[in-house]
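Okay, entry.cif now, which holds mmCIF, C-alpha atoms:
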```
data_work
loop_
_atom_site.label_atom_id
_atom_site.label_comp_id
_atom_site.auth_asym_id
_atom_site.auth_seq_id
_atom_site.Cartn_x
_atom_site.Cartn_y
_atom_site.Cartn_z
CA ALA A 15 68.40 35.61 101.34
CA GLY A 16 69.21 39.16 100.22
CA ASP A 17 70.81 42.34 101.52
CA GLU A 18 67.87 43.08 103.80
CA SER A 19 67.15 41.12 106.98
CA ARG A 20 63.65 39.64 107.16
CA LEU A 21 61.73 38.50 110.22
CA LEU A 22 59.59 35.40 109.73
CA MET A 23 57.16 34.03 112.30
CA LEU A 24 55.29 30.78 112.81
CA GLU A 25 51.54 31.22 112.27
CA THR A 26 50.73 29.99 115.77
CA ILE A 27 53.10 32.54 117.31
CA ARG A 28 51.64 35.27 115.14
CA GLU A 29 48.10 34.43 116.27
CA TYR A 30 49.22 34.41 119.92
CA ALA A 31 50.88 37.82 119.46
CA LEU A 32 47.73 39.24 117.87
CA GLU A 33 45.68 38.00 120.81
CA GLY A 34 48.14 39.68 123.16
CA LEU A 35 47.82 42.99 121.27
CA ALA A 36 44.04 42.75 121.37
CA ASP A 37 44.04 42.00 125.12
CA SER A 38 46.31 44.97 125.80
CA GLY A 39 44.17 47.34 123.70
CA GLU A 40 47.04 48.03 121.31
CA LEU A 41 45.84 46.07 118.27
CA GLU A 42 44.09 48.99 116.54
CA ALA A 43 47.05 51.36 116.93
CA THR A 44 49.47 48.67 115.76
CA GLU A 45 47.41 47.86 112.66
CA GLU A 46 47.16 51.55 111.81
CA ALA A 47 50.92 52.03 112.19
CA HIS A 48 51.43 48.97 109.97
CA ALA A 49 49.09 50.33 107.30
CA MET A 50 50.78 53.75 107.32
CA TYR A 51 54.22 52.19 107.04
CA PHE A 52 53.24 50.19 103.97
CA LEU A 53 51.46 53.16 102.41
CA ALA A 54 54.77 55.03 102.70
CA LEU A 55 56.60 52.05 101.19
CA ALA A 56 54.19 51.94 98.24
CA GLU A 57 54.62 55.67 97.60
CA GLN A 58 58.39 55.40 97.86
CA SER A 59 58.56 52.44 95.51
CA GLU A 60 56.33 53.68 92.68
CA PRO A 61 58.79 56.06 90.96
CA GLU A 62 61.59 53.52 91.42
CA LEU A 63 59.73 50.98 89.29
CA PHE A 64 60.49 53.08 86.19
CA GLY A 65 64.23 53.44 86.81
CA HIS A 66 67.59 51.86 87.58
CA GLN A 67 66.44 50.33 90.90
CA GLN A 68 63.49 48.61 89.24
CA ARG A 69 64.48 45.04 90.04
CA LEU A 70 65.42 45.83 93.62
CA TRP A 71 62.04 47.43 94.30
CA MET A 72 60.10 44.74 92.46
CA GLY A 73 61.75 42.24 94.77
CA ARG A 74 61.01 44.30 97.86
CA LEU A 75 57.32 44.65 97.01
CA THR A 76 57.07 40.96 96.15
CA TRP A 77 58.50 40.06 99.55
CA ASP A 78 55.95 42.32 101.24
CA ALA A 79 52.92 41.30 99.17
CA GLU A 80 51.01 39.95 102.20
CA ASN A 81 51.83 43.04 104.27
CA LEU A 82 50.59 45.25 101.44
CA ARG A 83 47.36 43.28 101.15
CA ALA A 84 46.81 43.60 104.91
CA ALA A 85 47.36 47.36 104.73
CA LEU A 86 44.92 47.67 101.82
CA GLN A 87 42.33 45.62 103.67
CA TRP A 88 42.74 47.72 106.82
CA SER A 89 42.33 50.95 104.84
CA GLN A 90 39.13 49.68 103.23
CA THR A 91 37.68 48.27 106.45
CA HIS A 92 38.29 51.56 108.27
CA HIS A 93 36.93 53.67 105.41
CA ARG A 94 40.23 55.43 104.75
CA LYS A 95 39.15 56.15 101.19
CA GLU A 96 41.90 58.54 100.18
CA GLN A 97 44.53 56.30 101.77
CA LEU A 98 43.15 53.30 99.88
CA LEU A 99 43.31 55.19 96.57
CA ARG A 100 46.84 56.42 97.25
CA MET A 101 48.05 52.94 98.09
CA ALA A 102 46.27 51.14 95.23
CA GLY A 103 47.36 53.79 92.72
CA ASN A 104 51.01 53.52 93.75
CA LEU A 105 50.96 49.71 93.66
CA GLY A 106 49.30 49.60 90.25
CA HIS A 107 52.46 49.49 88.16
CA PHE A 108 53.91 46.75 90.37
CA TRP A 109 50.79 44.62 89.93
CA TYR A 110 50.79 45.29 86.19
CA MET A 111 54.43 44.27 85.74
CA ARG A 112 53.88 41.14 87.83
CA GLY A 113 50.80 40.20 85.80
CA ARG A 114 48.58 40.33 88.88
CA PHE A 115 45.67 41.67 86.91
CA SER A 116 42.85 40.36 89.11
CA GLU A 117 44.38 41.79 92.27
CA ALA A 118 45.01 45.13 90.62
CA MET A 119 41.49 45.43 89.22
CA LEU A 120 39.92 44.44 92.54
CA TRP A 121 41.71 47.03 94.64
CA ILE A 122 41.98 49.86 92.13
CA GLU A 123 38.39 49.72 90.95
CA THR A 124 37.23 49.53 94.59
CA ALA A 125 39.36 52.57 95.45
CA LEU A 126 38.13 54.54 92.43
CA ARG A 127 34.49 53.85 93.28
CA GLU A 128 34.82 54.78 96.95
CA ALA A 129 37.03 57.89 96.74
CA ALA A 130 35.57 61.28 95.83
CA PRO A 131 36.50 62.33 92.24
CA ASP A 132 38.43 65.38 93.46
CA VAL A 133 40.53 63.50 96.04
CA ALA A 134 44.19 62.64 95.44
CA ILE A 135 44.15 63.57 91.74
CA SER A 136 47.71 62.37 91.07
CA GLU A 137 46.92 58.95 92.57
CA ARG A 138 43.63 58.85 90.68
CA ILE A 139 45.53 59.35 87.43
CA LYS A 140 47.84 56.43 88.29
CA ALA A 141 44.88 54.23 89.16
CA LEU A 142 43.04 55.09 85.96
CA TYR A 143 45.88 54.36 83.56
CA ILE A 144 46.64 51.03 85.22
CA VAL A 145 43.00 49.97 84.82
CA ALA A 146 43.14 51.05 81.16
CA LEU A 147 46.35 49.06 80.58
CA ILE A 148 44.99 45.93 82.22
CA ALA A 149 41.60 46.25 80.52
CA SER A 150 43.42 46.28 77.18
CA HIS A 151 45.03 42.92 78.01
CA LEU A 152 41.73 41.46 79.17
CA GLY A 153 39.79 42.62 76.12
CA GLN A 154 37.51 44.86 78.20
CA SER A 155 37.20 47.62 75.60
CA ASP A 156 34.37 49.56 77.27
CA LEU A 157 36.26 49.82 80.55
CA LEU A 158 39.46 50.69 78.68
CA PHE A 159 37.83 53.64 76.92
CA VAL A 160 36.08 54.95 80.03
CA ARG A 161 39.17 54.85 82.24
CA ALA A 162 41.61 56.00 79.54
CA ARG A 163 39.45 59.00 78.59
CA GLU A 164 38.97 60.01 82.22
CA CYS A 165 42.71 59.71 82.79
CA LEU A 166 43.57 61.75 79.69
CA THR A 167 41.22 64.53 80.83
CA LEU A 168 42.74 64.70 84.32
CA ALA A 169 46.30 64.40 83.01
CA ARG A 170 45.68 67.20 80.50
CA GLN A 171 44.25 69.45 83.22
CA ASN A 172 47.16 68.74 85.55
CA GLY A 173 49.99 68.75 83.01
CA ASP A 174 50.78 65.13 83.92
CA SER A 175 52.79 63.95 80.92
CA ARG A 176 53.47 60.46 82.28
CA GLY A 177 49.81 59.87 83.07
CA PHE A 178 48.85 61.14 79.61
CA ALA A 179 51.35 58.87 77.86
CA LEU A 180 50.38 55.79 79.85
CA ALA A 181 46.64 56.28 79.32
CA SER A 182 47.22 56.90 75.62
CA TRP A 183 49.31 53.76 75.08
CA PRO A 184 46.52 51.13 75.46
CA LEU A 185 44.08 53.42 73.69
CA VAL A 186 46.34 53.69 70.62
CA HIS A 187 46.89 49.94 70.47
CA HIS A 188 43.18 49.23 70.87
CA LEU A 189 42.31 51.62 68.05
CA LEU A 190 44.91 49.95 65.84
CA ALA A 191 43.56 46.48 66.67
CA ASN A 192 40.11 47.64 65.58
CA GLY A 193 41.33 49.13 62.32
CA ASP A 194 41.00 52.81 63.29
CA ILE A 195 44.42 53.88 62.09
CA ILE A 196 43.41 57.52 61.66
CA GLY A 197 42.14 57.72 65.25
CA ALA A 198 45.22 55.90 66.55
CA ARG A 199 47.58 58.24 64.71
CA ALA A 200 45.73 61.33 65.97
CA GLN A 201 45.97 60.04 69.56
CA ALA A 202 49.66 59.15 69.20
CA GLU A 203 50.52 62.52 67.67
CA GLU A 204 48.63 64.39 70.40
CA THR A 205 50.48 62.37 73.04
CA LEU A 206 53.89 63.07 71.56
CA THR A 207 53.09 66.79 71.35
CA PHE A 208 51.79 66.86 74.93
CA VAL A 209 54.80 64.98 76.30
CA ARG A 210 57.29 67.22 74.53
CA ALA A 211 55.49 70.28 75.92
CA HIS A 212 55.04 69.10 79.52
CA ALA A 213 57.56 66.38 80.41
CA PRO A 214 60.70 67.47 82.28
CA VAL A 215 63.85 67.36 80.16
CA GLU A 216 65.27 64.54 82.27
CA ASP A 217 62.15 62.36 81.90
CA SER A 218 63.43 60.11 79.14
CA TRP A 219 61.00 57.34 80.18
CA THR A 220 57.83 59.26 79.28
CA LEU A 221 59.20 60.35 75.91
CA ALA A 222 60.13 56.73 75.17
CA CYS A 223 56.57 55.69 75.98
CA ALA A 224 55.14 58.26 73.56
CA LEU A 225 57.61 57.30 70.81
CA ASN A 226 56.67 53.65 71.24
CA ALA A 227 52.97 54.35 70.69
CA PHE A 228 53.72 56.42 67.59
CA GLY A 229 56.04 53.69 66.33
CA SER A 230 53.19 51.19 66.48
CA VAL A 231 51.04 53.49 64.37
CA VAL A 232 53.58 54.01 61.60
CA LEU A 233 54.39 50.28 61.62
CA SER A 234 50.72 49.53 60.96
CA GLN A 235 50.85 52.00 58.07
CA GLY A 236 53.81 50.16 56.53
CA ASP A 237 56.40 52.87 57.20
CA TYR A 238 59.07 50.46 58.39
CA THR A 239 61.92 52.94 58.25
CA GLN A 240 60.23 55.42 60.58
CA ALA A 241 58.97 52.62 62.85
CA GLN A 242 62.50 51.28 63.18
CA HIS A 243 63.83 54.76 63.98
CA LEU A 244 61.14 55.39 66.62
CA TYR A 245 61.60 52.01 68.31
CA GLU A 246 65.39 52.34 68.33
CA ARG A 247 65.08 55.78 69.92
CA ALA A 248 62.61 54.43 72.50
CA ILE A 249 64.92 51.50 73.31
CA ALA A 250 67.81 53.88 73.95
CA LEU A 251 65.65 56.10 76.17
CA PHE A 252 64.27 53.19 78.22
CA LYS A 253 67.85 51.98 78.75
CA GLU A 254 68.87 55.50 79.79
CA ALA A 255 65.98 55.64 82.27
CA GLY A 256 66.94 52.23 83.66
CA ASP A 257 63.69 50.46 82.79
CA LEU A 258 65.00 47.05 81.72
CA TRP A 259 61.48 45.59 81.57
CA LEU A 260 60.38 47.94 78.77
CA TYR A 261 63.89 47.97 77.28
CA GLY A 262 63.44 44.23 76.70
CA GLU A 263 59.83 44.65 75.58
CA LEU A 264 60.80 47.15 72.88
CA HIS A 265 63.26 44.63 71.43
CA LEU A 266 60.20 42.50 70.67
CA PHE A 267 58.50 45.47 69.01
CA LEU A 268 61.58 46.11 66.88
CA ALA A 269 61.64 42.43 65.95
CA ASN A 270 58.16 42.94 64.48
CA VAL A 271 59.54 45.61 62.16
CA TYR A 272 62.13 43.19 60.77
CA TRP A 273 59.58 40.38 60.49
CA ALA A 274 57.35 42.70 58.45
CA GLN A 275 60.26 43.37 56.11
CA GLY A 276 61.06 39.68 55.73
CA ASN A 277 64.37 39.92 57.60
CA GLU A 278 64.01 36.82 59.77
CA THR A 279 67.64 36.78 60.92
CA LYS A 280 67.47 40.31 62.32
CA ALA A 281 64.02 39.68 63.80
CA GLN A 282 65.21 36.56 65.64
CA THR A 283 68.23 38.45 66.96
CA PHE A 284 66.08 41.15 68.56
CA LEU A 285 63.54 38.60 69.76
CA LYS A 286 66.26 36.60 71.56
CA GLU A 287 67.82 39.76 73.03
CA GLY A 288 64.45 40.91 74.38
CA LEU A 289 63.70 37.53 75.92
CA ALA A 290 67.18 37.38 77.44
CA VAL A 291 66.64 40.72 79.19
CA HIS A 292 63.35 39.47 80.67
CA ASP A 293 64.92 36.20 81.79
CA GLN A 294 67.65 37.88 83.85
#
```
File written out as structure tokens:
Amino acid sequence: AGDESRLLMLETIREYALEGLADSGELEATEEAHAMYFLALAEQSEPELFGHQQRLWMGRLTWDAENLRAALQWSQTHHRKEQLLRMAGNLGHFWYMRGRFSEAMLWIETALREAAPDVAISERIKALYIVALIASHLGQSDLLFVRARECLTLARQNGDSRGFALASWPLVHHLLANGDIIGARAQAEETLTFVRAHAPVEDSWTLACALNAFGSVVLSQGDYTQAQHLYERAIALFKEAGDLWLYGELHLFLANVYWAQGNETKAQTFLKEGLAVHDQ
């Protein structure tokens, strides 16, 4: 159906082939090779989900969802704890964007519990901020705070600006939802300072993420002019990075600014533009 050839197999033929592998003593080696291949695919895809090839890689991972689940299951069954964490951490953003919250929480929380705290720190950071993001959508505030704080600590220690920004995002919005505007502003300001100090110059995505969080704070404080400026800057940066998903999402945020000012025409324009991007 696409540019890449796919091999499909009847279930009965697949079962017969598995029996043949088992009889020949090659099943274990084949399953391991399969798991390693899809670990490599997950690690290759993760950075692409933030950029210009986002849709291509979302499609590729969606096609291979069952293969990825099999590789995760094999890693857990064979106690490959670091491998499980690496794979779950790198698939986290894919699951989040697809709305597969239950699947993400199952695998990531399992991987976090089983892996030693000092193993695969970069993947641990990814796993932690995805749990925090999903917990914010599910209303699991205790889990959100625990995972976000742990992620912020590790990201600060490792100079991981993207991890810091992504862990801060749900934390800021949760603080705002609970009326702690002072705490939310302090977190957003710290994030913006950290990102500007540690993010590579070419990393427009992470800066956009930090600007978005700060925009939400100033919007809640009634500073519509600054909120509009921050959201417009974030929209431009997400477009530059190639992240159409968040480019469309920020149109909805900017629509909120115009709604708050009573400009329904402008708000509806940005709302429709954001929805149109997501519908493509």
Point-to-point distance in Å for atom CA of A:Thr124 and atom CA of A:Pro184: 21.3 Å
Given the choices A:Asn192, A:Gln97, A:Thr207, A:Thr220, which gets closest to A:Ala179 if the distance is worked out from all atoms listed in the file? A:Thr220
Selection result for the PyMOL selection byres ((chain A and resi 76) around 12) on this file, as a list in words: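 Evaluating the PyMOL selection byres ((chain A and resi 76) around 12) on this file yields Ala56, Ser59, Arg69, Leu70, Trp71, Met72, Gly73, Arg74, Leu75, Trp77, Asp78, Ala79, Glu80, Asn81, Leu82, Arg83, Leu105, Phe108, Trp109, Met111, Arg112 and Arg114 of chain A.
The gap separating atom CA of A:Ser230 from atom CA of A:Phe208 is 17.9 Å, in Å to one decimal.
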Given 5 Å on each side, where is the centre and what are the edge lengths in Å to one decimal of the axis-aligned box enclosing the listed atoms of stretch 67-77 of chain A, as lines of an AutoDock Vina configuration file?
```
center_x = 61.8
center_y = 45.2
center_z = 94.4
size_x = 19.4
size_y = 20.3
size_z = 20.3
```
Which residues would end up in the selection if the PyMOL selection byres ((chain A and resi 115) around 10) were applied here, given that I need the answer as a PDB file with C-alpha atoms, in the coordinates of the input?
```pdb
ATOM      1  CA  GLY A 106      49.300  49.600  90.250  1.00  0.00           C
ATOM      2  CA  TRP A 109      50.790  44.620  89.930  1.00  0.00           C
ATOM      3  CA  TYR A 110      50.790  45.290  86.190  1.00  0.00           C
ATOM      4  CA  MET A 111      54.430  44.270  85.740  1.00  0.00           C
ATOM      5  CA  ARG A 112      53.880  41.140  87.830  1.00  0.00           C
ATOM      6  CA  GLY A 113      50.800  40.200  85.800  1.00  0.00           C
ATOM      7  CA  ARG A 114      48.580  40.330  88.880  1.00  0.00           C
ATOM      8  CA  SER A 116      42.850  40.360  89.110  1.00  0.00           C
ATOM      9  CA  GLU A 117      44.380  41.790  92.270  1.00  0.00           C
ATOM     10  CA  ALA A 118      45.010  45.130  90.620  1.00  0.00           C
ATOM     11  CA  MET A 119      41.490  45.430  89.220  1.00  0.00           C
ATOM     12  CA  LEU A 120      39.920  44.440  92.540  1.00  0.00           C
ATOM     13  CA  ILE A 144      46.640  51.030  85.220  1.00  0.00           C
ATOM     14  CA  VAL A 145      43.000  49.970  84.820  1.00  0.00           C
ATOM     15  CA  LEU A 147      46.350  49.060  80.580  1.00  0.00           C
ATOM     16  CA  ILE A 148      44.990  45.930  82.220  1.00  0.00           C
ATOM     17  CA  ALA A 149      41.600  46.250  80.520  1.00  0.00           C
ATOM     18  CA  HIS A 151      45.030  42.920  78.010  1.00  0.00           C
ATOM     19  CA  LEU A 152      41.730  41.460  79.170  1.00  0.00           C
TER      20      LEU A 152
END
```
At what distance in Å, to one decimal, does atom CA of A:Trp259 lie from atom CA of A:Arg161?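 So the answer is 24.2 Å.
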Counting only C-alpha atoms, figure out which residue out of A:Leu264, A:Leu289, A:Ala125, A:Met101 gets nearest to A:Gln58.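 Nearest candidate to A:Gln58 out of A:Leu264, A:Leu289, A:Ala125, A:Met101: A:Met101.
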